[in-house]
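Peer 1: Take a look at this one; I'll ask things after.
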Amino acid sequence: MSSGFSGSSDKNVSRAFWITGPGEGHVREAPVVSGLPDSNESRVVVQTLWSGVSRGTESLVFNGRVPESEFERMQAPFQEGRFPWPVKYGYANVGRVLEGPDELIDKTVFCLFPHQECYSVPASAVTPVPDGVPPERAILAANMETAINGLWDAMPAVGDRIAVVGLGVVGLLVSWLASRIPGTRVTAIDTNPARASVAEALGLTFAAGSSADDHDLVIHASGHESGLKTALTLAGQEGRVLEMSWYGDKPVSIPLGGAFHARRLTLRSSQVGQIPPARLPRWTYRKRLALALELLQYDVLDHLITGETAFHQMPETMSRILAIGNDTLCHRIKY
């Protein structure tokens, strides 16, 4: 293998997008190798091809809405800086291996790395993108991983009547995966009519709302308090409501009166940072990510990518990409 850590200073300097204040960011020079790498650990140098912007979590970070109590838990694997800012943040990076172990040279890989043109990480931190998955679609891997973990937590069964409230990328992926379980009836719900065409392209039944309260399972992924209230009204007797949204520092009020107790509903949270305990004896984070990438082989998932920006334009476009009410789903960055 090649070490990748010698040569001219230019070779070891890249550019990265940093969030520098509330709703603002800049492209700055960044070292290809951050910190002091362990010389005994196999590393790779990756040239970024594409990265993806997470409109949920990255919006909270971009606008300084990460509560201080969550500063540590909210750190991305290769984040630099500390919340609220300046911080280099992101976790959907797809690139080509320039240097590293022979078996990875020239491979397209996914890494939980921020928006940066070129970087070095331990070889164990990258996952090869399977043949048949285009690099520009592989940026959805982090969202797919979240959707997989959500369904592991929710444990849908054959024939379940399922409602998914909130059709961002994660909500759509959850709906799509759940609809592939035999016998399920999945209703994909969002108040934004622009989501209908994407949901229908994925083969889903779209609704702007629902009065039915017979659902075995309701999954909430809208990120809005009103969506959670809707989710609670849709669960049938002994039904389960899974909360996948994270609200940052925003207080949330939910109606636990009314029929909540009479229906004996279960409300639980799901977070991708931890594999459900029942699966830990058999699954690792690396295996889960490999599964997420494998599931991205379907061309229909290209409907989830609705915008593209060149890397150097990020400082001018991030506010628009992350704006509330924006119909963008996944926005990809081209390098």
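Residues are referred to by chain and number: the chain letter is A, B, ... according to the order shown in the structure tokens, the number counts from 1 in that chain, and ligands are numbered separately from 1 in the order shown.
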List every residue of region 73-239 of chain A that DSSP, applied to the backbone, labels as alpha helix (DSSP H), and write the result as number ranges by chain.
Peer 2: A: 135-138, 141-154, 169-179, 195-201, 225-234
Peer 1: Quick one: residues within 8 Å of Ser210 (chain A), only C-alpha atoms, excluding same-chain residues fewer than 2 positions away - as a PDB file with all heavy atoms, in the first residue's frame?
Peer 2:
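As written to disk, out01.pdb reads:
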ATOM      1  N   ILE A 189     -47.996   9.659   4.673  1.00  0.00           N
ATOM      2  CA  ILE A 189     -48.784  10.863   4.976  1.00  0.00           C
ATOM      3  C   ILE A 189     -47.887  12.094   5.075  1.00  0.00           C
ATOM      4  O   ILE A 189     -46.857  12.083   5.756  1.00  0.00           O
ATOM      5  CB  ILE A 189     -49.552  10.668   6.296  1.00  0.00           C
ATOM      6  CG1 ILE A 189     -50.516   9.478   6.169  1.00  0.00           C
ATOM      7  CG2 ILE A 189     -50.312  11.937   6.675  1.00  0.00           C
ATOM      8  CD1 ILE A 189     -51.166   9.087   7.487  1.00  0.00           C
ATOM      9  N   ALA A 207     -51.278  10.148   1.237  1.00  0.00           N
ATOM     10  CA  ALA A 207     -52.445  10.828   1.796  1.00  0.00           C
ATOM     11  C   ALA A 207     -51.987  12.105   2.476  1.00  0.00           C
ATOM     12  O   ALA A 207     -50.901  12.162   3.061  1.00  0.00           O
ATOM     13  CB  ALA A 207     -53.172   9.936   2.790  1.00  0.00           C
ATOM     14  N   ALA A 208     -52.819  13.149   2.372  1.00  0.00           N
ATOM     15  CA  ALA A 208     -52.515  14.401   3.062  1.00  0.00           C
ATOM     16  C   ALA A 208     -52.892  14.321   4.527  1.00  0.00           C
ATOM     17  O   ALA A 208     -52.470  15.143   5.340  1.00  0.00           O
ATOM     18  CB  ALA A 208     -53.245  15.562   2.391  1.00  0.00           C
ATOM     19  N   ALA A 212     -58.412   7.338   9.816  1.00  0.00           N
ATOM     20  CA  ALA A 212     -58.435   5.966  10.322  1.00  0.00           C
ATOM     21  C   ALA A 212     -57.553   5.840  11.555  1.00  0.00           C
ATOM     22  O   ALA A 212     -56.462   6.385  11.613  1.00  0.00           O
ATOM     23  CB  ALA A 212     -57.959   5.009   9.234  1.00  0.00           C
ATOM     24  N   LEU A 234     -53.619   8.182  14.967  1.00  0.00           N
ATOM     25  CA  LEU A 234     -53.758   7.139  13.950  1.00  0.00           C
ATOM     26  C   LEU A 234     -53.572   5.729  14.505  1.00  0.00           C
ATOM     27  O   LEU A 234     -53.921   4.754  13.835  1.00  0.00           O
ATOM     28  CB  LEU A 234     -52.743   7.366  12.823  1.00  0.00           C
ATOM     29  CG  LEU A 234     -52.895   8.658  12.019  1.00  0.00           C
ATOM     30  CD1 LEU A 234     -51.781   8.784  10.997  1.00  0.00           C
ATOM     31  CD2 LEU A 234     -54.255   8.687  11.323  1.00  0.00           C
TER      32      LEU A 234
END
Peer 1: Go through region 123-188 of chain A and flag each residue having an atom no more than 10 Å from region 239-257 of chain A; for those, report the closest pair of atoms plus their distance in Å to one decimal, using only C-alpha atoms, ordered by chain and rising number, as a tab-separated table.
Peer 2:
residue	atom	partner	partner_atom	distance
A:Thr146	CA	A:Met244	CA	8.9
A:Ala147	CA	A:Met244	CA	9.0
A:Asn149	CA	A:Met244	CA	9.9
A:Gly150	CA	A:Met244	CA	7.0
A:Leu151	CA	A:Leu242	CA	9.1
A:Asp153	CA	A:Leu242	CA	7.9
A:Ala154	CA	A:Leu242	CA	6.4
A:Met155	CA	A:Arg240	CA	9.8
A:Pro156	CA	A:Arg240	CA	9.8
A:Ile162	CA	A:Arg240	CA	9.8
A:Ala163	CA	A:Val241	CA	9.5
A:Val164	CA	A:Leu242	CA	9.5
A:Val165	CA	A:Glu243	CA	9.9
A:Gly166	CA	A:Ser245	CA	9.2
A:Val170	CA	A:Met244	CA	8.8
A:Gly171	CA	A:Met244	CA	8.8
Peer 1: Would you list the contacts of region 192-204 of chain A as a PyMOL selection string, taking every protein, DNA or RNA residue within 9 Å and counting only C-alpha atoms, but skipping same-chain residues closer than 2 positions in sequence?
Peer 2: chain A and resi 167-168+172+175-176+179+186-190+206-208+300-301+303-304+325+327
Peer 1: Pull all heavy atoms from the residues just selected and write them as a tab-separated table (two decimals), in the first residue's frame.
Peer 2:
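Saved as part.tsv:
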chain	number	residue	atom	x	y	z
A	167	LEU	N	-42.85	12.87	5.16
A	167	LEU	CA	-42.20	12.25	4.01
A	167	LEU	C	-40.98	13.03	3.55
A	167	LEU	O	-40.88	13.47	2.41
A	167	LEU	CB	-43.21	12.09	2.86
A	167	LEU	CG	-44.46	11.28	3.21
A	167	LEU	CD1	-45.35	11.13	1.98
A	167	LEU	CD2	-44.10	9.92	3.80
A	168	GLY	N	-40.04	13.20	4.47
A	168	GLY	CA	-38.70	13.57	4.06
A	168	GLY	C	-38.02	12.33	3.52
A	168	GLY	O	-38.67	11.30	3.29
A	172	LEU	N	-39.78	8.61	3.62
A	172	LEU	CA	-40.05	7.92	2.35
A	172	LEU	C	-39.34	6.57	2.30
A	172	LEU	O	-39.91	5.57	1.82
A	172	LEU	CB	-39.63	8.80	1.18
A	172	LEU	CG	-40.59	9.97	0.88
A	172	LEU	CD1	-39.90	11.01	0.00
A	172	LEU	CD2	-41.86	9.47	0.20
A	175	SER	N	-41.18	4.16	4.55
A	175	SER	CA	-42.43	3.74	3.89
A	175	SER	C	-42.14	2.71	2.81
A	175	SER	O	-42.85	1.69	2.68
A	175	SER	CB	-43.13	4.96	3.28
A	175	SER	OG	-43.42	5.94	4.24
A	176	TRP	N	-41.12	2.98	2.00
A	176	TRP	CA	-40.78	2.08	0.88
A	176	TRP	C	-40.35	0.72	1.40
A	176	TRP	O	-40.79	-0.31	0.88
A	176	TRP	CB	-39.69	2.75	0.05
A	176	TRP	CG	-39.22	1.94	-1.13
A	176	TRP	CD1	-39.90	1.75	-2.30
A	176	TRP	CD2	-37.99	1.23	-1.26
A	176	TRP	NE1	-39.16	0.97	-3.16
A	176	TRP	CE2	-37.98	0.64	-2.54
A	176	TRP	CE3	-36.89	1.06	-0.42
A	176	TRP	CZ2	-36.91	-0.14	-3.00
A	176	TRP	CZ3	-35.82	0.29	-0.88
A	176	TRP	CH2	-35.84	-0.30	-2.15
A	179	SER	N	-43.34	-1.17	2.85
A	179	SER	CA	-44.29	-1.62	1.83
A	179	SER	C	-43.85	-2.91	1.15
A	179	SER	O	-44.66	-3.57	0.48
A	179	SER	CB	-44.49	-0.52	0.77
A	179	SER	OG	-43.34	-0.38	-0.05
A	186	VAL	N	-49.49	0.17	3.75
A	186	VAL	CA	-48.69	1.33	4.17
A	186	VAL	C	-49.30	2.60	3.59
A	186	VAL	O	-49.49	2.71	2.38
A	186	VAL	CB	-47.22	1.20	3.72
A	186	VAL	CG1	-46.43	2.44	4.13
A	186	VAL	CG2	-46.60	-0.07	4.32
A	187	THR	N	-49.58	3.55	4.47
A	187	THR	CA	-50.06	4.86	4.03
A	187	THR	C	-48.99	5.90	4.35
A	187	THR	O	-48.57	6.04	5.51
A	187	THR	CB	-51.37	5.24	4.75
A	187	THR	OG1	-52.33	4.20	4.57
A	187	THR	CG2	-51.92	6.55	4.19
A	188	ALA	N	-48.53	6.59	3.31
A	188	ALA	CA	-47.48	7.61	3.46
A	188	ALA	C	-48.16	8.97	3.54
A	188	ALA	O	-48.82	9.41	2.59
A	188	ALA	CB	-46.52	7.55	2.27
A	189	ILE	N	-48.00	9.66	4.67
A	189	ILE	CA	-48.78	10.86	4.98
A	189	ILE	C	-47.89	12.09	5.08
A	189	ILE	O	-46.86	12.08	5.76
A	189	ILE	CB	-49.55	10.67	6.30
A	189	ILE	CG1	-50.52	9.48	6.17
A	189	ILE	CG2	-50.31	11.94	6.68
A	189	ILE	CD1	-51.17	9.09	7.49
A	190	ASP	N	-48.28	13.15	4.40
A	190	ASP	CA	-47.59	14.44	4.51
A	190	ASP	C	-48.57	15.53	4.12
A	190	ASP	O	-49.37	15.35	3.20
A	190	ASP	CB	-46.35	14.47	3.61
A	190	ASP	CG	-45.35	15.52	4.04
A	190	ASP	OD1	-45.67	16.74	3.99
A	190	ASP	OD2	-44.24	15.16	4.45
A	206	PHE	N	-50.25	7.63	-1.09
A	206	PHE	CA	-50.05	8.93	-0.45
A	206	PHE	C	-51.36	9.45	0.10
A	206	PHE	O	-52.43	9.25	-0.49
A	206	PHE	CB	-49.48	9.93	-1.46
A	206	PHE	CG	-49.39	11.34	-0.92
A	206	PHE	CD1	-48.31	11.73	-0.16
A	206	PHE	CD2	-50.41	12.26	-1.16
A	206	PHE	CE1	-48.23	13.03	0.35
A	206	PHE	CE2	-50.34	13.56	-0.67
A	206	PHE	CZ	-49.24	13.93	0.10
A	207	ALA	N	-51.28	10.15	1.24
A	207	ALA	CA	-52.45	10.83	1.80
A	207	ALA	C	-51.99	12.11	2.48
A	207	ALA	O	-50.90	12.16	3.06
A	207	ALA	CB	-53.17	9.94	2.79
A	208	ALA	N	-52.82	13.15	2.37
A	208	ALA	CA	-52.51	14.40	3.06
A	208	ALA	C	-52.89	14.32	4.53
A	208	ALA	O	-52.47	15.14	5.34
A	208	ALA	CB	-53.24	15.56	2.39
A	300	VAL	N	-35.40	3.41	-8.72
A	300	VAL	CA	-36.52	4.24	-8.30
A	300	VAL	C	-36.12	5.20	-7.18
A	300	VAL	O	-36.72	6.27	-7.01
A	300	VAL	CB	-37.72	3.35	-7.88
A	300	VAL	CG1	-37.42	2.62	-6.57
A	300	VAL	CG2	-38.99	4.16	-7.77
A	301	LEU	N	-35.07	4.86	-6.43
A	301	LEU	CA	-34.65	5.70	-5.30
A	301	LEU	C	-34.01	7.01	-5.76
A	301	LEU	O	-33.81	7.92	-4.94
A	301	LEU	CB	-33.71	4.92	-4.38
A	301	LEU	CG	-34.33	3.69	-3.73
A	301	LEU	CD1	-33.31	2.95	-2.87
A	301	LEU	CD2	-35.55	4.07	-2.88
A	303	HIS	N	-35.50	9.18	-7.22
A	303	HIS	CA	-36.53	10.21	-7.01
A	303	HIS	C	-36.32	10.96	-5.70
A	303	HIS	O	-36.90	12.05	-5.51
A	303	HIS	CB	-37.92	9.57	-7.01
A	303	HIS	CG	-38.38	9.12	-8.37
A	303	HIS	ND1	-38.85	9.99	-9.33
A	303	HIS	CD2	-38.41	7.88	-8.93
A	303	HIS	CE1	-39.18	9.32	-10.41
A	303	HIS	NE2	-38.92	8.04	-10.21
A	304	LEU	N	-35.52	10.41	-4.79
A	304	LEU	CA	-35.29	11.07	-3.51
A	304	LEU	C	-34.24	12.17	-3.60
A	304	LEU	O	-34.06	12.94	-2.65
A	304	LEU	CB	-34.86	10.03	-2.47
A	304	LEU	CG	-35.86	8.92	-2.17
A	304	LEU	CD1	-35.28	7.93	-1.19
A	304	LEU	CD2	-37.16	9.50	-1.63
A	325	GLY	N	-39.83	24.79	4.62
A	325	GLY	CA	-40.80	24.88	3.55
A	325	GLY	C	-40.23	24.54	2.19
A	325	GLY	O	-40.96	24.43	1.21
A	327	ASP	N	-39.06	22.35	-0.77
A	327	ASP	CA	-39.53	21.04	-1.20
A	327	ASP	C	-38.39	20.07	-1.49
A	327	ASP	O	-38.63	18.92	-1.87
A	327	ASP	CB	-40.40	21.18	-2.46
A	327	ASP	CG	-41.77	21.76	-2.16
A	327	ASP	OD1	-42.20	21.65	-1.00
A	327	ASP	OD2	-42.40	22.33	-3.08
Peer 1: Can you tell me how far CA of Phe113 (chain A) sits from CA of Glu316 (chain A), in Å to one decimal?
Peer 2: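 So the answer is 21.2 Å.
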Peer 1: Using the chain letters and numbers from this document, which residues of region 3-170 of chain A does DSSP assign to strand (DSSP E), as a ChimeraX atom specification?
Peer 2: /A:13-21,24-31,43-53,80-81,87-88,93-99,108-111,118-122,126-128,161-165
Peer 1: Any idea what the distance is between CA of Ser120 (chain A) and CA of Ser34 (chain A)?
Peer 2: 7.6 Å
